[in-house]
Every structure is written in structure tokens, then in C-alpha cells.
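Below: entry-v1.cif (mmCIF, C-alpha atoms)
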```
data_model
#
loop_
_atom_site.group_PDB
_atom_site.id
_atom_site.type_symbol
_atom_site.label_atom_id
_atom_site.label_comp_id
_atom_site.auth_asym_id
_atom_site.auth_seq_id
_atom_site.Cartn_x
_atom_site.Cartn_y
_atom_site.Cartn_z
ATOM 1 C CA MET A 1 14.028 56.345 -39.102
ATOM 2 C CA ALA A 2 15.631 52.945 -39.418
ATOM 3 C CA PHE A 3 18.177 52.155 -36.730
ATOM 4 C CA ASN A 4 20.737 50.893 -39.259
ATOM 5 C CA ASP A 5 20.582 53.801 -41.703
ATOM 6 C CA ASN A 6 24.020 54.707 -43.018
ATOM 7 C CA ASP A 7 25.273 58.263 -43.459
ATOM 8 C CA GLU A 8 24.209 58.386 -47.114
ATOM 9 C CA ALA A 9 20.663 57.283 -46.279
ATOM 10 C CA LEU A 10 20.406 59.854 -43.484
ATOM 11 C CA ALA A 11 21.704 62.589 -45.786
ATOM 12 C CA ALA A 12 19.161 61.606 -48.447
ATOM 13 C CA LYS A 13 16.309 61.769 -45.923
ATOM 14 C CA ALA A 14 17.505 65.155 -44.668
ATOM 15 C CA GLU A 15 17.575 66.444 -48.240
ATOM 16 C CA GLN A 16 14.056 65.144 -48.827
ATOM 17 C CA ARG A 17 12.774 66.894 -45.685
ATOM 18 C CA MET A 18 14.453 70.145 -46.722
ATOM 19 C CA THR A 19 12.742 69.902 -50.112
ATOM 20 C CA GLN A 20 9.373 69.284 -48.414
ATOM 21 C CA ALA A 21 9.927 72.223 -46.067
ATOM 22 C CA MET A 22 10.912 74.607 -48.846
ATOM 23 C CA ALA A 23 7.892 73.517 -50.910
ATOM 24 C CA THR A 24 5.608 74.974 -48.221
ATOM 25 C CA SER A 25 7.816 77.964 -47.341
ATOM 26 C CA GLN A 26 6.491 81.513 -47.507
ATOM 27 C CA VAL A 27 9.346 83.184 -45.616
ATOM 28 C CA GLU A 28 10.128 86.638 -47.004
ATOM 29 C CA ARG A 29 13.593 87.254 -45.497
ATOM 30 C CA ASP A 30 16.304 85.272 -43.737
ATOM 31 C CA ASP A 31 17.199 87.836 -41.056
ATOM 32 C CA TYR A 32 15.042 89.334 -38.344
ATOM 33 C CA LEU A 33 14.621 93.125 -38.385
ATOM 34 C CA ASP A 34 15.307 93.219 -34.652
ATOM 35 C CA SER A 35 18.573 91.278 -34.313
ATOM 36 C CA GLU A 36 19.099 91.962 -30.605
ATOM 37 C CA PRO A 37 18.746 88.824 -28.408
ATOM 38 C CA ALA A 38 15.408 88.804 -26.615
ATOM 39 C CA THR A 39 14.763 88.540 -22.905
ATOM 40 C CA GLY A 40 15.153 84.982 -21.621
ATOM 41 C CA LEU A 41 12.083 82.802 -21.344
ATOM 42 C CA THR A 42 10.920 81.813 -17.858
ATOM 43 C CA ASN A 43 10.311 78.292 -16.560
ATOM 44 C CA ARG A 44 6.598 79.004 -16.876
ATOM 45 C CA ASP A 45 7.027 79.849 -20.560
ATOM 46 C CA ILE A 46 8.797 76.532 -21.163
ATOM 47 C CA ASN A 47 6.167 74.616 -19.182
ATOM 48 C CA VAL A 48 3.388 76.230 -21.234
ATOM 49 C CA MET A 49 5.213 75.218 -24.404
ATOM 50 C CA ALA A 50 5.547 71.619 -23.171
ATOM 51 C CA LEU A 51 1.867 71.485 -22.206
ATOM 52 C CA ARG A 52 0.732 72.832 -25.573
ATOM 53 C CA SER A 53 2.884 70.207 -27.324
ATOM 54 C CA LEU A 54 0.253 67.615 -26.342
ATOM 55 C CA LEU A 55 -1.770 68.969 -29.287
ATOM 56 C CA LEU A 56 1.093 68.578 -31.774
ATOM 57 C CA GLN A 57 -0.926 66.255 -34.015
ATOM 58 C CA ALA A 58 -4.329 67.874 -33.553
ATOM 59 C CA SER A 59 -4.231 69.372 -37.056
ATOM 60 C CA PHE A 60 -2.180 66.655 -38.747
ATOM 61 C CA ASN A 61 -2.339 66.734 -42.549
ATOM 62 C CA TYR A 62 -0.451 65.169 -45.435
ATOM 63 C CA GLU A 63 0.935 68.424 -46.839
ATOM 64 C CA ARG A 64 2.669 69.849 -43.775
ATOM 65 C CA MET A 65 2.233 66.975 -41.305
ATOM 66 C CA GLN A 66 2.426 68.478 -37.764
ATOM 67 C CA ALA A 67 3.075 72.106 -38.762
ATOM 68 C CA GLY A 68 -0.148 73.518 -37.267
ATOM 69 C CA GLY A 69 0.373 71.831 -33.906
ATOM 70 C CA TRP A 70 4.072 72.746 -33.949
ATOM 71 C CA LEU A 71 3.286 76.454 -34.367
ATOM 72 C CA TYR A 72 0.559 76.201 -31.702
ATOM 73 C CA THR A 73 3.220 74.824 -29.347
ATOM 74 C CA LEU A 74 5.613 77.719 -29.943
ATOM 75 C CA ILE A 75 3.430 80.755 -30.509
ATOM 76 C CA PRO A 76 3.159 82.131 -26.920
ATOM 77 C CA ALA A 77 6.958 82.105 -26.609
ATOM 78 C CA LEU A 78 7.408 83.534 -30.118
ATOM 79 C CA ARG A 79 5.129 86.454 -29.246
ATOM 80 C CA LYS A 80 7.307 87.164 -26.213
ATOM 81 C CA ILE A 81 10.538 86.932 -28.238
ATOM 82 C CA HIS A 82 9.567 88.917 -31.360
ATOM 83 C CA LYS A 83 8.267 92.399 -30.609
ATOM 84 C CA LYS A 84 8.135 93.523 -34.245
ATOM 85 C CA PRO A 85 5.046 92.218 -36.097
ATOM 86 C CA GLU A 86 7.141 91.618 -39.236
ATOM 87 C CA ASP A 87 9.571 89.379 -37.338
ATOM 88 C CA LEU A 88 6.758 87.442 -35.670
ATOM 89 C CA SER A 89 5.019 86.976 -39.015
ATOM 90 C CA ASN A 90 8.199 85.724 -40.679
ATOM 91 C CA SER A 91 8.908 83.314 -37.829
ATOM 92 C CA MET A 92 5.371 81.948 -37.906
ATOM 93 C CA LYS A 93 5.576 81.395 -41.673
ATOM 94 C CA MET A 94 8.774 79.385 -41.222
ATOM 95 C CA HIS A 95 7.238 77.284 -38.449
ATOM 96 C CA MET A 96 4.232 76.502 -40.634
ATOM 97 C CA GLU A 97 6.523 74.621 -43.014
ATOM 98 C CA PHE A 98 6.575 70.816 -43.215
ATOM 99 C CA ILE A 99 7.638 69.096 -39.985
ATOM 100 C CA ASN A 100 7.251 65.518 -38.799
ATOM 101 C CA VAL A 101 8.827 64.536 -35.476
ATOM 102 C CA HIS A 102 8.045 62.066 -32.685
ATOM 103 C CA PRO A 103 5.201 63.528 -30.572
ATOM 104 C CA PHE A 104 6.707 62.513 -27.206
ATOM 105 C CA ASP A 105 10.247 63.907 -27.479
ATOM 106 C CA VAL A 106 9.290 66.892 -29.651
ATOM 107 C CA THR A 107 9.804 69.257 -26.693
ATOM 108 C CA PHE A 108 13.567 68.834 -26.923
ATOM 109 C CA LEU A 109 13.441 70.242 -30.450
ATOM 110 C CA SER A 110 10.973 72.986 -29.567
ATOM 111 C CA GLY A 111 13.101 74.049 -26.572
ATOM 112 C CA LEU A 112 16.177 74.107 -28.783
ATOM 113 C CA VAL A 113 14.373 76.131 -31.462
ATOM 114 C CA LEU A 114 13.157 78.675 -28.898
ATOM 115 C CA ALA A 115 16.734 79.128 -27.672
ATOM 116 C CA MET A 116 17.775 79.890 -31.263
ATOM 117 C CA GLU A 117 14.778 82.194 -31.783
ATOM 118 C CA ARG A 118 15.702 84.081 -28.628
ATOM 119 C CA SER A 119 19.246 84.536 -29.984
ATOM 120 C CA LYS A 120 17.755 85.773 -33.286
ATOM 121 C CA GLU A 121 19.583 83.217 -35.418
ATOM 122 C CA LYS A 122 19.002 83.274 -39.171
ATOM 123 C CA ILE A 123 15.748 81.609 -40.220
ATOM 124 C CA SER A 124 17.659 79.295 -42.558
ATOM 125 C CA THR A 125 19.792 78.131 -39.605
ATOM 126 C CA ILE A 126 16.743 77.387 -37.462
ATOM 127 C CA ARG A 127 15.090 75.568 -40.367
ATOM 128 C CA THR A 128 18.221 73.447 -40.925
ATOM 129 C CA VAL A 129 18.354 72.433 -37.247
ATOM 130 C CA LYS A 130 14.674 71.454 -37.299
ATOM 131 C CA ILE A 131 15.140 69.284 -40.356
ATOM 132 C CA ALA A 132 18.406 67.742 -39.150
ATOM 133 C CA LEU A 133 16.854 66.581 -35.871
ATOM 134 C CA MET A 134 13.540 65.197 -37.176
ATOM 135 C CA GLY A 135 15.067 61.822 -38.024
ATOM 136 C CA PRO A 136 17.215 61.298 -34.894
ATOM 137 C CA LEU A 137 14.378 62.282 -32.568
ATOM 138 C CA GLY A 138 12.006 59.985 -34.450
ATOM 139 C CA GLY A 139 14.345 57.020 -34.071
ATOM 140 C CA ILE A 140 15.042 57.670 -30.402
ATOM 141 C CA GLY A 141 11.347 58.269 -29.657
ATOM 142 C CA ASP A 142 10.227 55.054 -31.354
ATOM 143 C CA ALA A 143 12.872 52.972 -29.572
ATOM 144 C CA LEU A 144 12.358 54.601 -26.185
ATOM 145 C CA PHE A 145 8.567 54.851 -26.050
ATOM 146 C CA TRP A 146 7.038 52.293 -28.439
ATOM 147 C CA LEU A 147 9.633 49.507 -28.159
ATOM 148 C CA THR A 148 10.682 49.911 -24.510
ATOM 149 C CA LEU A 149 8.400 51.906 -22.218
ATOM 150 C CA LEU A 150 5.057 50.815 -23.688
ATOM 151 C CA PRO A 151 5.725 47.014 -23.625
ATOM 152 C CA ILE A 152 7.112 47.169 -20.080
ATOM 153 C CA CYS A 153 4.185 49.182 -18.685
ATOM 154 C CA ALA A 154 1.607 47.192 -20.687
ATOM 155 C CA GLY A 155 3.148 43.893 -19.541
ATOM 156 C CA ILE A 156 2.935 44.867 -15.876
ATOM 157 C CA GLY A 157 -0.613 46.196 -16.256
ATOM 158 C CA ALA A 158 -1.766 43.134 -18.230
ATOM 159 C CA SER A 159 -0.210 40.797 -15.659
ATOM 160 C CA LEU A 160 -2.216 42.437 -12.863
ATOM 161 C CA ALA A 161 -5.382 42.444 -14.981
ATOM 162 C CA LEU A 162 -5.033 38.719 -15.766
ATOM 163 C CA GLN A 163 -4.896 38.071 -12.019
ATOM 164 C CA GLY A 164 -8.246 39.821 -11.648
ATOM 165 C CA SER A 165 -6.933 43.127 -10.309
ATOM 166 C CA LEU A 166 -8.848 46.261 -11.269
ATOM 167 C CA PHE A 167 -5.625 48.227 -10.831
ATOM 168 C CA GLY A 168 -4.059 46.678 -13.956
ATOM 169 C CA PRO A 169 -5.105 49.410 -16.432
ATOM 170 C CA ILE A 170 -4.648 52.113 -13.779
ATOM 171 C CA ILE A 171 -1.076 51.006 -13.060
ATOM 172 C CA PHE A 172 -0.370 50.879 -16.802
ATOM 173 C CA LEU A 173 -1.622 54.428 -17.380
ATOM 174 C CA LEU A 174 0.145 55.791 -14.300
ATOM 175 C CA MET A 175 3.511 54.205 -15.077
ATOM 176 C CA PHE A 176 3.494 55.166 -18.745
ATOM 177 C CA ASN A 177 2.373 58.748 -18.222
ATOM 178 C CA ILE A 178 4.638 59.480 -15.251
ATOM 179 C CA VAL A 179 7.651 58.680 -17.425
ATOM 180 C CA HIS A 180 6.065 60.305 -20.489
ATOM 181 C CA PHE A 181 5.323 63.645 -18.789
ATOM 182 C CA ALA A 182 8.618 63.678 -16.881
ATOM 183 C CA LEU A 183 10.482 63.342 -20.170
ATOM 184 C CA ARG A 184 8.193 65.757 -22.043
ATOM 185 C CA PHE A 185 8.740 68.581 -19.537
ATOM 186 C CA GLY A 186 12.336 67.639 -18.713
ATOM 187 C CA LEU A 187 13.386 67.590 -22.369
ATOM 188 C CA ALA A 188 11.727 70.960 -22.948
ATOM 189 C CA HIS A 189 13.854 72.630 -20.256
ATOM 190 C CA TYR A 190 16.975 70.697 -21.262
ATOM 191 C CA GLY A 191 16.609 71.618 -24.934
ATOM 192 C CA TYR A 192 16.150 75.308 -24.110
ATOM 193 C CA ARG A 193 19.087 75.416 -21.677
ATOM 194 C CA ALA A 194 21.423 73.402 -23.901
ATOM 195 C CA GLY A 195 20.713 75.446 -27.031
ATOM 196 C CA THR A 196 22.693 74.522 -30.091
ATOM 197 C CA LYS A 197 25.411 72.826 -27.999
ATOM 198 C CA ALA A 198 23.143 69.783 -27.663
ATOM 199 C CA ILE A 199 22.934 69.188 -31.426
ATOM 200 C CA ALA A 200 26.388 67.648 -31.827
ATOM 201 C CA MET A 201 25.900 65.342 -28.839
ATOM 202 C CA LEU A 202 22.488 64.179 -30.026
ATOM 203 C CA LYS A 203 23.615 63.468 -33.578
ATOM 204 C CA ALA A 204 26.741 61.648 -32.328
ATOM 205 C CA HIS A 205 24.846 59.320 -29.988
ATOM 206 C CA THR A 206 21.537 58.852 -31.811
ATOM 207 C CA LYS A 207 22.321 55.369 -33.125
ATOM 208 C CA ASN A 208 23.745 54.198 -29.780
ATOM 209 C CA ILE A 209 20.686 55.418 -27.840
ATOM 210 C CA SER A 210 18.263 53.925 -30.353
ATOM 211 C CA HIS A 211 20.135 50.622 -30.512
ATOM 212 C CA ALA A 212 20.287 50.255 -26.722
ATOM 213 C CA ALA A 213 16.608 51.100 -26.286
ATOM 214 C CA SER A 214 15.592 48.724 -29.072
ATOM 215 C CA ILE A 215 17.549 45.873 -27.435
ATOM 216 C CA VAL A 216 15.718 46.437 -24.154
ATOM 217 C CA GLY A 217 12.405 46.657 -25.978
ATOM 218 C CA MET A 218 12.971 43.459 -27.964
ATOM 219 C CA THR A 219 13.952 41.637 -24.750
ATOM 220 C CA VAL A 220 10.708 42.737 -23.104
ATOM 221 C CA ILE A 221 8.652 41.739 -26.149
ATOM 222 C CA GLY A 222 10.324 38.320 -26.153
ATOM 223 C CA ALA A 223 9.362 37.846 -22.507
ATOM 224 C CA LEU A 224 5.789 38.930 -23.277
ATOM 225 C CA VAL A 225 5.556 36.321 -26.057
ATOM 226 C CA ALA A 226 6.602 33.560 -23.657
ATOM 227 C CA SER A 227 4.222 34.778 -20.930
ATOM 228 C CA TYR A 228 1.066 35.762 -22.799
ATOM 229 C CA VAL A 229 0.940 33.784 -26.068
ATOM 230 C CA HIS A 230 -0.569 30.432 -25.118
ATOM 231 C CA LEU A 231 -0.449 27.748 -27.795
ATOM 232 C CA SER A 232 -0.134 24.000 -27.325
ATOM 233 C CA THR A 233 -1.219 20.794 -29.035
ATOM 234 C CA PRO A 234 -2.843 17.693 -27.513
ATOM 235 C CA LEU A 235 -1.637 15.419 -30.336
ATOM 236 C CA VAL A 236 -0.259 12.047 -29.293
ATOM 237 C CA MET A 237 1.817 9.922 -31.649
ATOM 238 C CA THR A 238 1.575 6.140 -31.289
ATOM 239 C CA ALA A 239 3.985 3.465 -32.445
ATOM 240 C CA GLY A 240 2.801 0.041 -31.346
ATOM 241 C CA GLU A 241 2.527 0.127 -27.572
ATOM 242 C CA ALA A 242 4.468 3.392 -27.264
ATOM 243 C CA LYS A 243 2.693 6.728 -27.037
ATOM 244 C CA VAL A 244 4.501 10.042 -27.346
ATOM 245 C CA ALA A 245 2.803 13.338 -26.483
ATOM 246 C CA LEU A 246 3.905 15.808 -29.164
ATOM 247 C CA GLN A 247 3.766 18.776 -26.814
ATOM 248 C CA THR A 248 5.354 17.507 -23.596
ATOM 249 C CA ASP A 249 7.621 14.755 -24.937
ATOM 250 C CA VAL A 250 8.898 16.445 -28.099
ATOM 251 C CA LEU A 251 8.297 20.196 -28.464
ATOM 252 C CA ASP A 252 8.838 21.195 -24.840
ATOM 253 C CA LYS A 253 12.062 19.221 -24.717
ATOM 254 C CA LEU A 254 13.314 20.830 -27.895
ATOM 255 C CA MET A 255 12.403 24.342 -26.719
ATOM 256 C CA PRO A 256 9.750 25.442 -24.201
ATOM 257 C CA ASN A 257 7.121 27.702 -25.794
ATOM 258 C CA LEU A 258 8.238 26.713 -29.285
ATOM 259 C CA LEU A 259 4.685 26.878 -30.684
ATOM 260 C CA PRO A 260 3.970 30.395 -29.311
ATOM 261 C CA LEU A 261 7.287 31.591 -30.713
ATOM 262 C CA SER A 262 6.592 30.014 -34.104
ATOM 263 C CA PHE A 263 3.123 31.561 -34.298
ATOM 264 C CA THR A 264 4.479 34.973 -33.280
ATOM 265 C CA LEU A 265 7.136 34.777 -35.997
ATOM 266 C CA LEU A 266 4.442 33.768 -38.496
ATOM 267 C CA VAL A 267 2.358 36.827 -37.566
ATOM 268 C CA TYR A 268 5.443 39.034 -37.862
ATOM 269 C CA TRP A 269 6.185 37.595 -41.315
ATOM 270 C CA LEU A 270 2.601 38.245 -42.415
ATOM 271 C CA MET A 271 2.891 41.832 -41.185
ATOM 272 C CA LYS A 272 6.027 42.289 -43.285
ATOM 273 C CA LYS A 273 4.034 40.963 -46.244
ATOM 274 C CA GLY A 274 1.504 43.745 -45.787
ATOM 275 C CA PHE A 275 -1.242 42.073 -43.732
ATOM 276 C CA SER A 276 -3.185 44.607 -41.683
ATOM 277 C CA PRO A 277 -3.833 44.095 -37.930
ATOM 278 C CA VAL A 278 -7.512 43.392 -38.669
ATOM 279 C CA LYS A 279 -6.589 40.621 -41.116
ATOM 280 C CA LEU A 280 -4.110 39.152 -38.634
ATOM 281 C CA ILE A 281 -6.781 39.055 -35.923
ATOM 282 C CA GLY A 282 -9.059 37.253 -38.369
ATOM 283 C CA VAL A 283 -6.293 34.773 -39.260
ATOM 284 C CA THR A 284 -5.685 34.102 -35.569
ATOM 285 C CA VAL A 285 -9.387 33.462 -34.885
ATOM 286 C CA VAL A 286 -9.749 31.143 -37.888
ATOM 287 C CA PHE A 287 -6.558 29.292 -36.985
ATOM 288 C CA GLY A 288 -7.738 28.797 -33.407
ATOM 289 C CA VAL A 289 -11.218 27.587 -34.351
ATOM 290 C CA LEU A 290 -10.013 25.218 -37.089
ATOM 291 C CA GLY A 291 -7.190 23.945 -34.896
ATOM 292 C CA LYS A 292 -9.642 23.106 -32.141
ATOM 293 C CA LEU A 293 -12.100 21.423 -34.524
ATOM 294 C CA VAL A 294 -9.499 19.114 -36.065
ATOM 295 C CA GLY A 295 -7.910 18.370 -32.702
ATOM 296 C CA PHE A 296 -4.591 20.075 -33.410
ATOM 297 C CA LEU A 297 -4.976 22.654 -30.630
#
```

Hey, can you dump this file as C-alpha cells for me?
Amino acid sequence: MAFNDNDEALAAKAEQRMTQAMATSQVERDDYLDSEPATGLTNRDINVMALRSLLLQASFNYERMQAGGWLYTLIPALRKIHKKPEDLSNSMKMHMEFINVHPFDVTFLSGLVLAMERSKEKISTIRTVKIALMGPLGGIGDALFWLTLLPICAGIGASLALQGSLFGPIIFLLMFNIVHFALRFGLAHYGYRAGTKAIAMLKAHTKNISHAASIVGMTVIGALVASYVHLSTPLVMTAGEAKVALQTDVLDKLMPNLLPLSFTLLVYWLMKKGFSPVKLIGVTVVFGVLGKLVGFL
């Protein structure tokens, strides 16, 4: 999900997801035979669901994306909710439809869906909620985890590792996963408790949450560029008796770390042009070797 999508773009994506879901649908009826609300799920049931969500992408495929892992996440709770085999079968068929959501905040959606399943909402209503929240949760998850949490934790871990500390990778893994698991289990319980009341709040604040998280993430990435991308030139320009060091006398006075920033922007531009990470690594190696040979670096 792009952070600047307008309402028309979001509606178009929602329509596309609905089409993809219906293309893989085998649901036989919209109502459950047993329409009485089921017994409430326990904290243990929600924790089991959150733990099983770690395998969301274990059976990822291009037809239904995460459908197999999604059903695996829900099935113990669904068996507790639906006592009639026909209802359980119909629910499982619906949950095997196309779904593609961020793997770290998926538990909010699964908790919300279980609350609706427990209330025996219409299958079409549950399907609509799933599809409506795929995009917002994807945008929030990308901004929160990939653009904010990961760079911060990796920066701290890399800083310790560069100083020779063996605890660098350990600190990175601990910091990232403490936050990751706290959110995974916390969102599962919050989604189940909030039920459908959380939908309006989430949809209203999706862009604000994503925008704020992306700002923090971009700030961290900018700091990482200045700290960890090392690029300088030894070139000296002479004019008669005067000698001017290009790096210290010109570039650093214009803007410190101008060369690292320029190279980072070049790599970003190449990525936008379709260069793969492997090609970019190769370009970086060739640039470094040639730069050193000709005396530019």
C-alpha cells in the first residue's frame, strides 16, 4: 500500500482484492446453520492463534497468497466456535480464499475475525472486513516494522558489532523480537476484544500512523547513511602555488558527507530503475575498485 493513495486508489485496490477472493471462493451459503453466538475464546486460545501466525507464509503461493497459513492460524479457534461440521466446513472454505496481509500485524485482523466468527456474522461480512483491512495493515506494518523498527535495531546492533562487540547481533535480535512478539500477541488480544468497533478507528487513522512511522524510519535511515556509508576522495586541485583538497576544502564545507549522500541517492535511483540488489552490489564493488585504481577514492 502506498502511503499517499487517495480514496479512489484504495477503493480500486479493495475491489481487486474482492475479485481475487471471490475467484477462489467455494462457500456454499452466507449464513451459519447455528446462528447462536459461541462461547468466548480464552486468553490461551488467542495466544495459540498468535503463535500459529508465525507460519502465515509457510505455504505461500501465487493463487491464494497466505490463505493456507491464515487458515492454519485460525483453525483451533474455529473448531471451538463452530460445533456443526457444515458451519466449520463453510468457514474454512471462506478462509482459504485469497488473502495477503503484513505477517507481523496480521494478528490484529485474525483476532478481529475470530470475534466476528464467535458472533456468527454473515460470511460475506467477515470476508468484506478481511479485504478492507488488508491494505491498511500492510501500510502500517511496512512503515512500523521495515522502515522504523528494523533500521533502529539494526543500526544499534551494527554499531556494537563495528566496535568489536560480539553482542551486536544478539542485541539486534533481542530488541527486534521483543517488540515484534509484544505487538504480535498484544494485537491479537486487542483485535479480539475490540471486535468490529476497531475497524472505523483503524481506517480513519491508517494514513496518519503510516506517515508518522515512515517519517521516523526515514530519519533513522538518513542517520545510518551519514554514519555507515564511508566515501571520500583524496583529489587535490592545484592552481600555481595554491593547493585545494577537494574533500576537506570544498565538499566538506559545502555539506559534510556529501559524497555518501550522493552515492546513496544514486543507488536509490538505480533501484527505481529496476536494478536488483545483486546488480547494485556489483556496481558498488566495481565503482570502489575503479575509483581506487584511478585515484578518485

List every residue of stretch 25-56 of chain A that has an atom at most 6 Å from any atom of stretch 68-84 of chain A, and for each one report the closest atom pair and its distance in Å to one decimal, counting all atoms listed in the file, with rows sorted by chain and then by increasing residue number, as CSV.
```
residue,atom,partner,partner_atom,distance
A:Ala38,CA,A:Ile81,CA,5.5
A:Met49,CA,A:Thr73,CA,5.3
A:Arg52,CA,A:Thr73,CA,4.9
A:Ser53,CA,A:Thr73,CA,5.1
A:Leu55,CA,A:Gly69,CA,5.8
A:Leu56,CA,A:Gly69,CA,4.0
```

To test your reading of the syntax: which residues would the PyMOL selection byres ((chain A and resi 110) around 9) return for the file shown? Reply as a PyMOL selection string.
chain A and resi 49-50+53+70+73-74+106-109+111-115+130+188+191-192

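As for atom CA of A:Leu235 and atom CA of A:Leu297, they are spaced 8.0 Å apart.
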
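Atom CA of A:Ser159 lies 13.9 Å from atom CA of A:Met175.
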
For each of A:Asp34, A:Thr128, A:Phe104, A:Ile152, take the minimum atom-to-atom distance to A:Glu15, counting all atoms listed in the file, then give the residue where this is smallest.
A:Thr128

Can you work out the spacing between atom CA of A:Glu36 and atom CA of A:Phe98 in Å, to one decimal?
27.6 Å

What's around A:Phe263 at 10 Å? Count only C-alpha atoms, leave out sequence neighbours fewer than 4 positions away in its own chain, and write the answer as a VMD selection string.
chain A and resid 225 229 to 231 258 to 259 267 to 269 284

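Among A:Ala194, A:Arg184, A:Asn257, A:Leu149, the residue with the shortest atom-to-atom distance to A:Leu54, counting all atoms listed in the file, is A:Arg184.
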
One residue among A:Thr42, A:Gln66, A:Val250, A:His95 is nearest to A:Val236 when using all atoms listed in the file, and that residue is A:Val250

Using only C-alpha atoms, the shortest atom-to-atom distance to A:Gly186 among A:Glu97, A:Glu121, A:Glu241, A:Asp105 belongs to A:Asp105

Counting all atoms listed in the file, the residue of A:Leu150, A:Ala12, A:Leu280, A:Val27 that sits nearest A:Glu86:
A:Val27

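For the choices A:Val48, A:Leu270, A:Cys153, A:His189, the atom-to-atom distance to A:Leu173 is smallest for A:Cys153 when using all atoms listed in the file.
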
Report the residues retrieved by the PyMOL selection byres ((chain A and resi 154) around 12) from the displayed file, expressed as a ChimeraX atom specification.
/A:145-153,155-162,168-177,220-221,224,228

Target residues per the PyMOL selection byres ((chain A and resi 248) around 12), formatted as a PyMOL selection string
chain A and resi 232-237+243-247+249-259
